[in-house]
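Structure data (CSV, C-alpha atoms and all ligand atoms) from start_21.csv:
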```csv
chain,number,residue,atom,x,y,z
A,1,MET,CA,16.3,14.5,5.4
A,2,MET,CA,16.3,11.1,7.0
A,3,HIS,CA,18.0,10.9,10.5
A,4,MET,CA,20.1,7.9,11.2
A,5,SER,CA,19.9,6.3,14.6
A,6,LEU,CA,20.6,3.2,16.5
A,7,ARG,CA,18.3,1.5,19.0
A,8,TRP,CA,19.8,1.6,22.5
A,9,PHE,CA,18.3,0.0,25.6
A,10,GLY,CA,20.0,2.1,28.2
A,11,SER,CA,23.4,1.8,30.0
A,12,LYS,CA,22.1,-0.8,32.4
A,13,TYR,CA,20.8,-3.2,29.8
A,14,ASP,CA,22.7,-2.7,26.6
A,15,SER,CA,26.1,-4.2,25.7
A,16,VAL,CA,26.7,-1.3,23.3
A,17,SER,CA,27.7,2.1,24.8
A,18,LEU,CA,26.7,5.5,23.7
A,19,GLU,CA,30.4,6.3,23.1
A,20,LYS,CA,30.6,3.5,20.5
A,21,ILE,CA,27.3,4.6,18.9
A,22,ARG,CA,28.7,8.1,18.6
A,23,GLN,CA,31.6,6.8,16.5
A,24,ILE,CA,29.4,5.3,13.7
A,25,PRO,CA,29.6,7.9,10.9
A,26,GLY,CA,26.3,9.7,10.3
A,27,VAL,CA,24.4,8.3,13.3
A,28,GLU,CA,22.9,11.4,14.9
A,29,GLY,CA,21.1,9.8,17.9
A,30,VAL,CA,19.5,6.9,19.5
A,31,ILE,CA,16.0,5.4,19.8
A,32,THR,CA,15.7,4.5,23.4
A,33,THR,CA,13.4,3.6,26.2
A,34,LEU,CA,13.0,3.4,30.0
A,35,TYR,CA,13.4,-0.4,29.8
A,36,ASP,CA,12.7,-1.1,33.4
A,37,ILE,CA,9.2,0.6,33.5
A,38,PRO,CA,6.5,-2.1,32.9
A,39,ALA,CA,3.7,-1.4,30.4
A,40,GLY,CA,0.9,0.5,32.1
A,41,GLN,CA,3.1,2.6,34.5
A,42,VAL,CA,3.7,6.3,34.1
A,43,TRP,CA,7.1,7.4,32.8
A,44,PRO,CA,8.3,10.0,35.3
A,45,LYS,CA,9.4,13.3,33.9
A,46,GLU,CA,12.7,13.3,35.9
A,47,ARG,CA,13.6,9.8,34.5
A,48,ILE,CA,13.0,11.1,31.0
A,49,LYS,CA,15.1,14.1,31.6
A,50,ALA,CA,17.9,12.1,33.0
A,51,LEU,CA,17.8,9.7,30.0
A,52,LYS,CA,17.9,12.7,27.7
A,53,ASP,CA,20.8,14.3,29.6
A,54,GLU,CA,22.8,11.1,29.5
A,55,VAL,CA,22.3,10.7,25.7
A,56,GLU,CA,23.1,14.4,25.0
A,57,ALA,CA,26.2,14.3,27.2
A,58,ALA,CA,27.5,11.6,24.8
A,59,GLY,CA,27.0,13.9,21.8
A,60,LEU,CA,23.9,12.2,20.6
A,61,LYS,CA,20.2,13.0,20.5
A,62,VAL,CA,17.1,11.1,21.6
A,63,LEU,CA,15.5,10.8,18.2
A,64,GLY,CA,12.5,8.8,19.5
A,65,ILE,CA,11.2,6.2,21.9
A,66,GLU,CA,10.9,2.5,21.2
A,67,SER,CA,8.7,1.7,22.8
A,68,VAL,CA,6.1,3.1,25.2
A,69,ASN,CA,4.4,-0.2,25.6
A,70,VAL,CA,0.6,-0.5,25.6
A,71,HIS,CA,-0.8,-2.4,28.6
A,72,ASP,CA,-2.7,-5.6,27.7
A,73,ALA,CA,-5.9,-4.2,29.4
A,74,ILE,CA,-6.0,-1.6,26.6
A,75,LYS,CA,-5.5,-4.2,23.8
A,76,ILE,CA,-8.1,-6.5,25.4
A,77,GLY,CA,-10.5,-3.7,26.1
A,78,ASN,CA,-10.9,-4.5,29.8
A,79,ALA,CA,-13.0,-2.4,32.2
A,80,ASP,CA,-9.8,-0.8,33.6
A,81,ARG,CA,-8.4,0.2,30.2
A,82,ASP,CA,-9.2,3.9,30.9
A,83,LYS,CA,-7.0,3.9,33.9
A,84,TYR,CA,-4.1,2.6,31.8
A,85,ILE,CA,-4.9,5.0,29.0
A,86,ALA,CA,-4.7,7.9,31.5
A,87,ASN,CA,-1.3,6.6,32.5
A,88,TYR,CA,-0.2,6.5,28.9
A,89,VAL,CA,-1.4,10.0,28.4
A,90,GLU,CA,0.7,11.2,31.4
A,91,SER,CA,3.8,9.5,29.9
A,92,LEU,CA,3.1,11.3,26.6
A,93,GLU,CA,2.7,14.6,28.4
A,94,ASN,CA,6.1,14.0,30.2
A,95,LEU,CA,7.8,13.0,26.9
A,96,GLY,CA,6.2,15.9,25.0
A,97,SER,CA,7.3,18.5,27.6
A,98,GLU,CA,10.9,17.2,27.2
A,99,GLY,CA,10.7,17.7,23.5
A,100,ILE,CA,10.6,14.0,22.6
A,101,THR,CA,8.0,13.6,19.9
A,102,THR,CA,8.4,10.3,18.1
A,103,VAL,CA,6.9,7.3,19.9
A,104,CYS,CA,6.9,3.8,18.6
A,105,TYR,CA,4.4,1.2,20.0
A,106,ASN,CA,2.8,-2.0,18.9
A,107,PHE,CA,-0.6,-3.6,19.3
A,108,MET,CA,0.3,-7.2,19.3
A,109,PRO,CA,-1.3,-9.5,21.8
A,110,VAL,CA,1.0,-11.4,24.2
A,111,PHE,CA,4.1,-11.8,22.1
A,112,ASP,CA,6.0,-9.0,20.5
A,113,TRP,CA,8.1,-10.3,17.7
A,114,THR,CA,8.5,-14.0,17.3
A,115,ARG,CA,11.5,-16.0,16.1
A,116,THR,CA,12.1,-19.7,16.4
A,117,ASP,CA,15.9,-19.5,16.4
A,118,LEU,CA,17.9,-16.7,17.9
A,119,ALA,CA,21.3,-17.9,16.7
A,120,LYS,CA,21.0,-19.8,13.4
A,121,MET,CA,24.5,-20.5,12.0
A,122,ARG,CA,25.0,-19.3,8.4
A,123,THR,CA,27.7,-20.7,6.0
A,124,ASP,CA,30.0,-17.7,6.7
A,125,GLY,CA,30.0,-18.5,10.5
A,126,THR,CA,27.7,-15.6,11.4
A,127,THR,CA,24.5,-16.2,13.4
A,128,VAL,CA,21.1,-14.7,12.8
A,129,LEU,CA,17.6,-14.8,14.1
A,130,ALA,CA,15.4,-17.1,12.1
A,131,TYR,CA,11.8,-18.2,11.8
A,132,ASP,CA,10.2,-21.5,10.8
A,133,GLN,CA,6.4,-21.7,11.0
A,134,LYS,CA,6.6,-25.5,11.4
A,135,VAL,CA,8.3,-25.0,14.8
A,136,VAL,CA,5.7,-22.5,16.0
A,137,ASP,CA,3.0,-25.0,14.9
A,138,SER,CA,4.6,-27.8,16.9
A,139,ILE,CA,4.9,-26.3,20.4
A,140,ASP,CA,2.8,-24.6,23.0
A,141,PRO,CA,3.2,-20.9,23.8
A,142,GLN,CA,4.7,-21.5,27.3
A,143,THR,CA,7.4,-23.8,26.0
A,144,PHE,CA,8.1,-21.4,23.2
A,145,PHE,CA,8.5,-18.5,25.6
A,146,ASP,CA,10.8,-20.5,27.9
A,147,GLN,CA,13.0,-21.6,25.1
A,148,THR,CA,13.3,-18.1,23.6
A,149,ASN,CA,14.2,-16.6,26.9
A,150,SER,CA,16.8,-19.2,27.8
A,151,ASN,CA,18.6,-18.6,24.4
A,152,SER,CA,19.0,-14.8,24.7
A,153,ASN,CA,22.6,-14.7,25.9
A,154,GLY,CA,21.4,-13.7,29.3
A,155,PHE,CA,19.8,-10.4,28.0
A,156,SER,CA,16.2,-9.5,28.7
A,157,MET,CA,14.7,-9.0,25.3
A,158,PRO,CA,12.2,-6.3,24.3
A,159,GLY,CA,8.6,-7.7,24.4
A,160,TRP,CA,9.8,-10.8,26.3
A,161,GLU,CA,9.8,-9.3,29.8
A,162,PRO,CA,9.9,-12.3,32.2
A,163,GLU,CA,7.6,-10.6,34.7
A,164,ARG,CA,4.8,-10.2,32.1
A,165,LEU,CA,5.3,-13.5,30.3
A,166,ALA,CA,5.6,-15.6,33.5
A,167,LYS,CA,1.8,-15.8,33.1
A,168,VAL,CA,1.6,-16.8,29.4
A,169,LYS,CA,-1.4,-19.0,30.1
A,170,GLU,CA,-3.4,-16.4,31.9
A,171,LEU,CA,-2.6,-13.9,29.2
A,172,PHE,CA,-3.8,-16.3,26.6
A,173,GLU,CA,-7.0,-16.7,28.5
A,174,ALA,CA,-7.5,-13.0,28.8
A,175,TYR,CA,-7.3,-12.7,25.0
A,176,GLN,CA,-10.0,-15.3,24.5
A,177,GLY,CA,-12.9,-13.6,22.7
A,178,VAL,CA,-10.6,-10.7,21.4
A,179,SER,CA,-11.2,-11.1,17.6
A,180,GLU,CA,-9.4,-9.2,15.0
A,181,GLU,CA,-12.3,-6.8,14.8
A,182,LYS,CA,-12.3,-6.3,18.5
A,183,LEU,CA,-8.6,-5.7,18.6
A,184,PHE,CA,-8.9,-3.1,15.8
A,185,GLU,CA,-11.7,-1.3,17.7
A,186,ASN,CA,-9.6,-1.2,20.9
A,187,LEU,CA,-6.7,0.3,18.9
A,188,ILE,CA,-9.0,3.0,17.5
A,189,TYR,CA,-10.4,3.7,21.0
A,190,PHE,CA,-6.9,4.1,22.3
A,191,LEU,CA,-5.8,6.4,19.4
A,192,LYS,CA,-8.8,8.7,19.9
A,193,ALA,CA,-8.1,8.9,23.6
A,194,ILE,CA,-4.5,10.0,23.2
A,195,GLN,CA,-5.1,12.2,20.1
A,196,PRO,CA,-5.5,15.6,22.1
A,197,THR,CA,-2.3,15.1,24.0
A,198,CYS,CA,-0.4,14.1,20.9
A,199,GLU,CA,-1.6,17.1,19.0
A,200,LYS,CA,-0.8,19.4,21.9
A,201,TRP,CA,2.9,18.4,21.9
A,202,GLY,CA,3.3,17.5,18.2
A,203,ILE,CA,3.8,13.8,19.2
A,204,LYS,CA,3.9,11.4,16.3
A,205,MET,CA,2.7,7.9,17.2
A,206,ALA,CA,4.3,5.2,15.0
A,207,ILE,CA,2.6,1.8,15.3
A,208,HIS,CA,4.9,-1.1,14.6
A,209,PRO,CA,3.6,-3.8,12.3
A,210,ASP,CA,3.1,-7.3,13.5
A,211,ASP,CA,6.0,-9.6,13.3
A,212,PRO,CA,5.5,-12.1,11.6
A,213,ALA,CA,2.7,-10.6,9.6
A,214,TRP,CA,0.2,-13.3,10.3
A,215,PRO,CA,-1.6,-14.7,13.3
A,216,VAL,CA,0.6,-16.9,15.6
A,217,PHE,CA,-0.6,-19.2,18.3
A,218,GLY,CA,-4.1,-18.4,17.3
A,219,LEU,CA,-3.8,-14.7,18.4
A,220,PRO,CA,-5.2,-12.0,16.2
A,221,ARG,CA,-2.9,-9.7,14.2
A,222,ILE,CA,-4.1,-6.4,12.7
A,223,ILE,CA,-1.0,-4.6,11.2
A,224,THR,CA,0.1,-7.1,8.6
A,225,SER,CA,-0.4,-5.5,5.1
A,226,LYS,CA,-0.9,-2.3,3.2
A,227,GLU,CA,-4.7,-2.7,3.3
A,228,LYS,CA,-4.7,-3.2,7.1
A,229,ILE,CA,-2.4,-0.3,7.9
A,230,MET,CA,-4.4,2.0,5.6
A,231,LYS,CA,-7.6,1.0,7.5
A,232,VAL,CA,-6.0,2.2,10.8
A,233,MET,CA,-4.7,5.4,9.1
A,234,GLN,CA,-8.2,6.2,7.7
A,235,ALA,CA,-10.1,5.4,11.0
A,236,VAL,CA,-8.2,8.1,12.8
A,237,ASP,CA,-7.2,10.3,9.9
A,238,ALA,CA,-4.8,12.7,11.5
A,239,PRO,CA,-1.0,13.2,11.0
A,240,PHE,CA,-0.2,12.1,14.6
A,241,ASN,CA,-1.5,8.7,13.8
A,242,GLY,CA,1.3,7.1,11.8
A,243,LEU,CA,3.4,4.0,11.1
A,244,THR,CA,6.8,2.6,12.0
A,245,PHE,CA,7.7,1.2,8.6
A,246,CYS,CA,9.5,-2.0,9.4
A,247,ALA,CA,10.9,-3.7,6.3
A,248,GLY,CA,11.6,-6.9,8.2
A,249,SER,CA,8.1,-7.2,9.7
A,250,PHE,CA,6.0,-6.4,6.7
A,251,GLY,CA,8.6,-8.4,4.7
A,252,THR,CA,8.0,-11.6,6.5
A,253,ASN,CA,5.1,-12.0,4.0
A,254,PRO,CA,6.7,-12.0,0.6
A,255,LYS,CA,3.4,-10.8,-0.9
A,256,ASN,CA,3.8,-7.5,0.8
A,257,ASP,CA,5.2,-4.9,-1.7
A,258,LEU,CA,7.6,-2.9,0.6
A,259,PRO,CA,8.2,0.2,-1.5
A,260,GLY,CA,4.4,0.1,-2.4
A,261,ILE,CA,3.5,0.3,1.3
A,262,ILE,CA,5.9,3.3,1.8
A,263,ARG,CA,4.5,5.1,-1.3
A,264,ALA,CA,0.9,4.7,0.0
A,265,LEU,CA,1.7,6.6,3.1
A,266,PRO,CA,3.2,10.0,2.5
A,267,GLY,CA,3.2,12.1,5.7
A,268,ARG,CA,2.2,9.1,7.8
A,269,ILE,CA,5.5,7.2,8.2
A,270,HIS,CA,7.2,8.6,11.3
A,271,PHE,CA,9.9,6.1,11.8
A,272,ALA,CA,11.7,3.5,9.7
A,273,HIS,CA,13.3,0.1,10.5
A,274,ILE,CA,15.4,-0.9,7.6
A,275,ARG,CA,16.6,-4.4,7.3
A,276,ASN,CA,16.7,-7.5,5.1
A,277,LEU,CA,15.4,-11.0,5.3
A,278,HIS,CA,16.4,-14.1,3.3
A,279,HIS,CA,13.3,-16.2,2.4
A,280,PHE,CA,13.6,-19.9,1.8
A,281,GLU,CA,9.9,-20.8,1.4
A,282,PRO,CA,6.6,-19.3,2.7
A,283,GLY,CA,6.9,-19.1,6.5
A,284,VAL,CA,10.6,-20.0,6.6
A,285,PHE,CA,13.2,-17.2,6.6
A,286,GLU,CA,16.3,-15.9,8.3
A,287,GLU,CA,17.5,-12.4,8.9
A,288,ALA,CA,20.2,-11.4,6.5
A,289,ALA,CA,22.9,-8.6,6.3
A,290,HIS,CA,21.4,-5.3,5.2
A,291,LEU,CA,23.0,-5.5,1.8
A,292,SER,CA,20.3,-6.2,-0.9
A,293,SER,CA,22.2,-9.1,-2.4
A,294,ASP,CA,22.4,-11.0,0.9
A,295,GLY,CA,18.7,-11.3,1.2
A,296,SER,CA,15.3,-11.1,-0.5
A,297,PHE,CA,14.6,-7.3,-0.4
A,298,ASP,CA,15.8,-4.5,-2.6
A,299,LEU,CA,17.1,-2.0,0.0
A,300,TYR,CA,17.8,0.6,-2.6
A,301,GLU,CA,14.1,0.6,-3.6
A,302,ILE,CA,13.1,0.9,0.1
A,303,VAL,CA,15.4,3.9,0.8
A,304,LYS,CA,14.4,5.5,-2.5
A,305,ALA,CA,10.7,5.1,-1.7
A,306,LEU,CA,11.2,6.7,1.7
A,307,ASP,CA,13.1,9.6,0.1
A,308,ASP,CA,10.4,10.0,-2.7
A,309,ILE,CA,7.6,10.5,-0.1
A,310,GLY,CA,9.7,13.1,1.7
A,311,PHE,CA,10.3,11.0,4.8
A,312,GLU,CA,12.1,13.1,7.4
A,313,GLY,CA,11.9,11.0,10.5
A,314,PRO,CA,14.4,8.8,12.3
A,315,ALA,CA,15.5,5.6,10.6
A,316,ARG,CA,17.6,2.8,12.1
A,317,PRO,CA,19.2,-0.3,10.9
A,318,ASP,CA,17.3,-3.2,12.4
A,319,HIS,CA,18.3,-6.6,13.7
A,320,GLY,CA,21.9,-7.3,12.8
A,321,ARG,CA,23.7,-10.6,12.4
A,322,MET,CA,26.1,-11.6,15.2
A,323,ILE,CA,29.6,-11.2,13.7
A,324,TRP,CA,33.2,-11.0,14.8
A,325,GLY,CA,32.6,-12.9,18.0
A,326,GLU,CA,30.4,-10.3,19.6
A,327,VAL,CA,28.2,-11.3,22.5
A,328,ALA,CA,25.1,-9.1,22.7
A,329,MET,CA,21.3,-9.3,22.8
A,330,PRO,CA,20.2,-11.3,19.8
A,331,GLY,CA,19.8,-8.9,16.9
A,332,TYR,CA,21.2,-5.9,18.7
A,333,GLY,CA,25.0,-6.2,18.6
A,334,LEU,CA,27.1,-3.2,17.5
A,335,TYR,CA,29.1,-4.4,14.6
A,336,ASP,CA,26.5,-5.5,12.0
A,337,ARG,CA,24.1,-2.7,12.8
A,338,ALA,CA,27.0,-0.2,12.3
A,339,LEU,CA,27.6,-1.8,8.9
A,340,GLY,CA,23.9,-1.6,8.2
A,341,ALA,CA,23.8,2.1,9.1
A,342,SER,CA,26.7,2.9,6.9
A,343,TYR,CA,25.2,1.0,4.0
A,344,ILE,CA,21.8,2.7,4.3
A,345,LEU,CA,23.5,6.1,4.5
A,346,GLY,CA,25.5,5.2,1.4
A,347,LEU,CA,22.4,4.4,-0.5
A,348,TYR,CA,20.8,7.6,0.8
A,349,GLU,CA,23.8,9.7,-0.3
A,350,ALA,CA,23.8,8.2,-3.8
A,351,ILE,CA,20.0,8.8,-4.1
A,352,GLN,CA,20.4,12.5,-3.1
A,353,LYS,CA,23.3,13.0,-5.5
A,354,SER,CA,21.6,11.4,-8.5
A,355,LYS,CA,18.5,13.4,-7.8
A,356,ALA,CA,20.6,16.6,-7.9
A,357,GLY,CA,22.1,15.4,-11.2
A,358,LYS,CA,25.6,15.2,-9.8
B,401,MN,MN,11.0,-3.4,13.5
```

Can you turn what I pasted into structure tokens?
Amino acid sequence: MMHMSLRWFGSKYDSVSLEKIRQIPGVEGVITTLYDIPAGQVWPKERIKALKDEVEAAGLKVLGIESVNVHDAIKIGNADRDKYIANYVESLENLGSEGITTVCYNFMPVFDWTRTDLAKMRTDGTTVLAYDQKVVDSIDPQTFFDQTNSNSNGFSMPGWEPERLAKVKELFEAYQGVSEEKLFENLIYFLKAIQPTCEKWGIKMAIHPDDPAWPVFGLPRIITSKEKIMKVMQAVDAPFNGLTFCAGSFGTNPKNDLPGIIRALPGRIHFAHIRNLHHFEPGVFEEAAHLSSDGSFDLYEIVKALDDIGFEGPARPDHGRMIWGEVAMPGYGLYDRALGASYILGLYEAIQKSKAGK
């Protein structure tokens, strides 16, 4: 049984309320976070409990955390990484003891996801996030960061925290000498260090693939394809070490076979981000409605593959289009994600019924 959820940034940061999320049919809970706690700091138990209480009071469950961010010192492999890993372990202890056991994270240097347009107008008047490699190739990271943040409708976006990215130049310097191999080693070091705590509480770590699935601004990327994620799964071959299957991120590279990635990872996909992209040419795409025919992916085959491998974790619609005049954080409005959730649940119901021969 897949559990449908919506990402929610907390009542202080999100334009969408829990009350509204509660009214989307079939949505059981939220994927949430303590948005104000910077990477590297411990998540206090009382804050986690208060978050859980707030969500449960609205008739929903906390189905997972996205994300407990990993401090750059851990990704870079600095001398003080063990201090930050100890903090991470304490956050996991606090989450585990509150019964929260699905944790999404990523291991991308400097930038989280990258898009070159946060509100590209489509012919139907909707706006979507879009990407054009030529734009990335033509500007420096600091300018790129400033432009992205000034176009976010006034919302602070995940992975684009102004405090951290105020020092883009310094961050880039800190990553000098961190090759793809080194970044991979640092990930494995981190996973081995958190393994006992995850196993103690039954916490499932779900690494998010890199978005887009290739190096940007000369920074290394290590979760970009089936081969690369398999390498991580094999290096720490235990069920706690799993994947957030993100259709939109792996799908930035049209060579990635999305159902094929899912089918290669039974028992290791702990969380699913389900969305659609429309490709124009290699390195140029826009985010589409979830409906298969609106983009380049076959959403039926994606949901079917998840069901075939016995996926039982939380799933969520991913970035939505901005429709019906909504003003929200780019990608995270209510309306199109609600349509996406309903559509995915419709596919899921049809798959269950045809399997049962009804
Ligand atoms: Mn995703």

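Taking CA of His208 (chain A) and CA of Ile223 (chain A) as endpoints, the distance between them is 7.7 Å.
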
Next item on the list: Tell me which protein, DNA and RNA residues are within 10 Å of Met157 (chain A), counting all atoms listed in the file, leaving out same-chain ones fewer than 2 positions away, and put them as a VMD selection string.
Entry: chain A and resid 9 13 35 112 148 to 149 152 to 155 159 to 162 329 to 332

Which residues of region 205-308 of chain A come within 8 Å of region 188-191 of chain A, and what is each one's closest atom pair and distance in Å (one decimal), counting all atoms listed in the file, sorted by chain and residue number, as JSON lines?
```
{"residue": "A:Val232", "atom": "CA", "partner": "A:Ile188", "partner_atom": "CA", "distance": 7.4}
{"residue": "A:Ala235", "atom": "CA", "partner": "A:Ile188", "partner_atom": "CA", "distance": 7.0}
{"residue": "A:Val236", "atom": "CA", "partner": "A:Ile188", "partner_atom": "CA", "distance": 7.0}
{"residue": "A:Asn241", "atom": "CA", "partner": "A:Leu191", "partner_atom": "CA", "distance": 7.4}
```

Note to self: Would you pick out the contacts of Glu56 (chain A) at 10 Å or less, using only C-alpha atoms, so that residues sharing its chain but fewer than 4 positions from it are not included, and give the list as a ChimeraX atom specification?
What the structure shows: /A:18,29-30,50-52,60-62

Checklist line | Pairwise distance for CA of Arg22 (chain A) and CA of Leu345 (chain A), rounded to one decimal in Å | finding: 15.2 Å

I'd like a table as a Markdown table: residues in chain A with an atom no more than 7 Å from ligand MN 401 (chain B), each row giving the shortest atom pair and its distance in Å to one decimal, only C-alpha atoms and all ligand atoms counted, sorted by chain and rising residue number.
```
| residue | atom | partner | partner_atom | distance |
| --- | --- | --- | --- | --- |
| A:His208 | CA | B:MN401 | MN | 6.6 |
| A:Cys246 | CA | B:MN401 | MN | 4.6 |
| A:Gly248 | CA | B:MN401 | MN | 6.4 |
| A:Ser249 | CA | B:MN401 | MN | 6.1 |
| A:His273 | CA | B:MN401 | MN | 5.2 |
| A:Asp318 | CA | B:MN401 | MN | 6.4 |
```

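Restricting the calculation to only C-alpha atoms, the smallest distance between Tyr335 (chain A) and any of A:Thr252, A:Ser150, A:Thr126, A:Thr116 is found for A:Thr126.
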
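Put simply, CA of Gln147 (chain A) is 11.8 Å away from CA of Val135 (chain A).
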
Next item on the list: Give as a ChimeraX atom specification the set of residues within 9 Å of the point (14.2, -17.7, 12.5), where distances use the file's coordinates and only C-alpha atoms.
Entry: /A:114-120,128-133,284-287

Next item on the list: Could you tell me which of A:Gly295, A:Lys75, A:Thr123, A:Lys355 comes closest to Pro220 (chain A) if we count all atoms listed in the file?
Entry: A:Lys75

Item checked: Of the listed residues A:Lys12, A:Gly325, A:Val303, A:Ala193, that which approaches Ala350 (chain A) most closely, counting only C-alpha atoms -> A:Val303

Next item on the list: Fewer than 3 positions away in the same chain doesn't count, so skip those; otherwise give me all residues within 9 Å of Asp294 (chain A), counting all atoms listed in the file, as a PyMOL selection string.
Entry: chain A and resi 276-278+288-291+297

Check: At a cut-off of 7 Å from (6.2, 8.4, -6.5) in the coordinates of the file, what residues are picked up using all atoms listed in the file, written as a list in words?
Finding: Arg263, Asp308 and Ile309 of chain A

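Considering the residues A:Phe111, A:Gln234, A:Asn78, A:Gly251 and counting all atoms listed in the file, Gly218 (chain A) has its shortest atom-to-atom contact with A:Phe111.
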
Next item on the list: Would you mind telling me which residue in A:Ile207, A:Gly40, A:Pro266, A:Phe280 lies nearest to Asp80 (chain A) when using all atoms listed in the file?
Entry: A:Gly40

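Between Ile21 (chain A) and the residues A:Leu219, A:Ile203, A:Cys104, A:Ala338, the shortest atom-to-atom distance, using only C-alpha atoms, involves A:Ala338.
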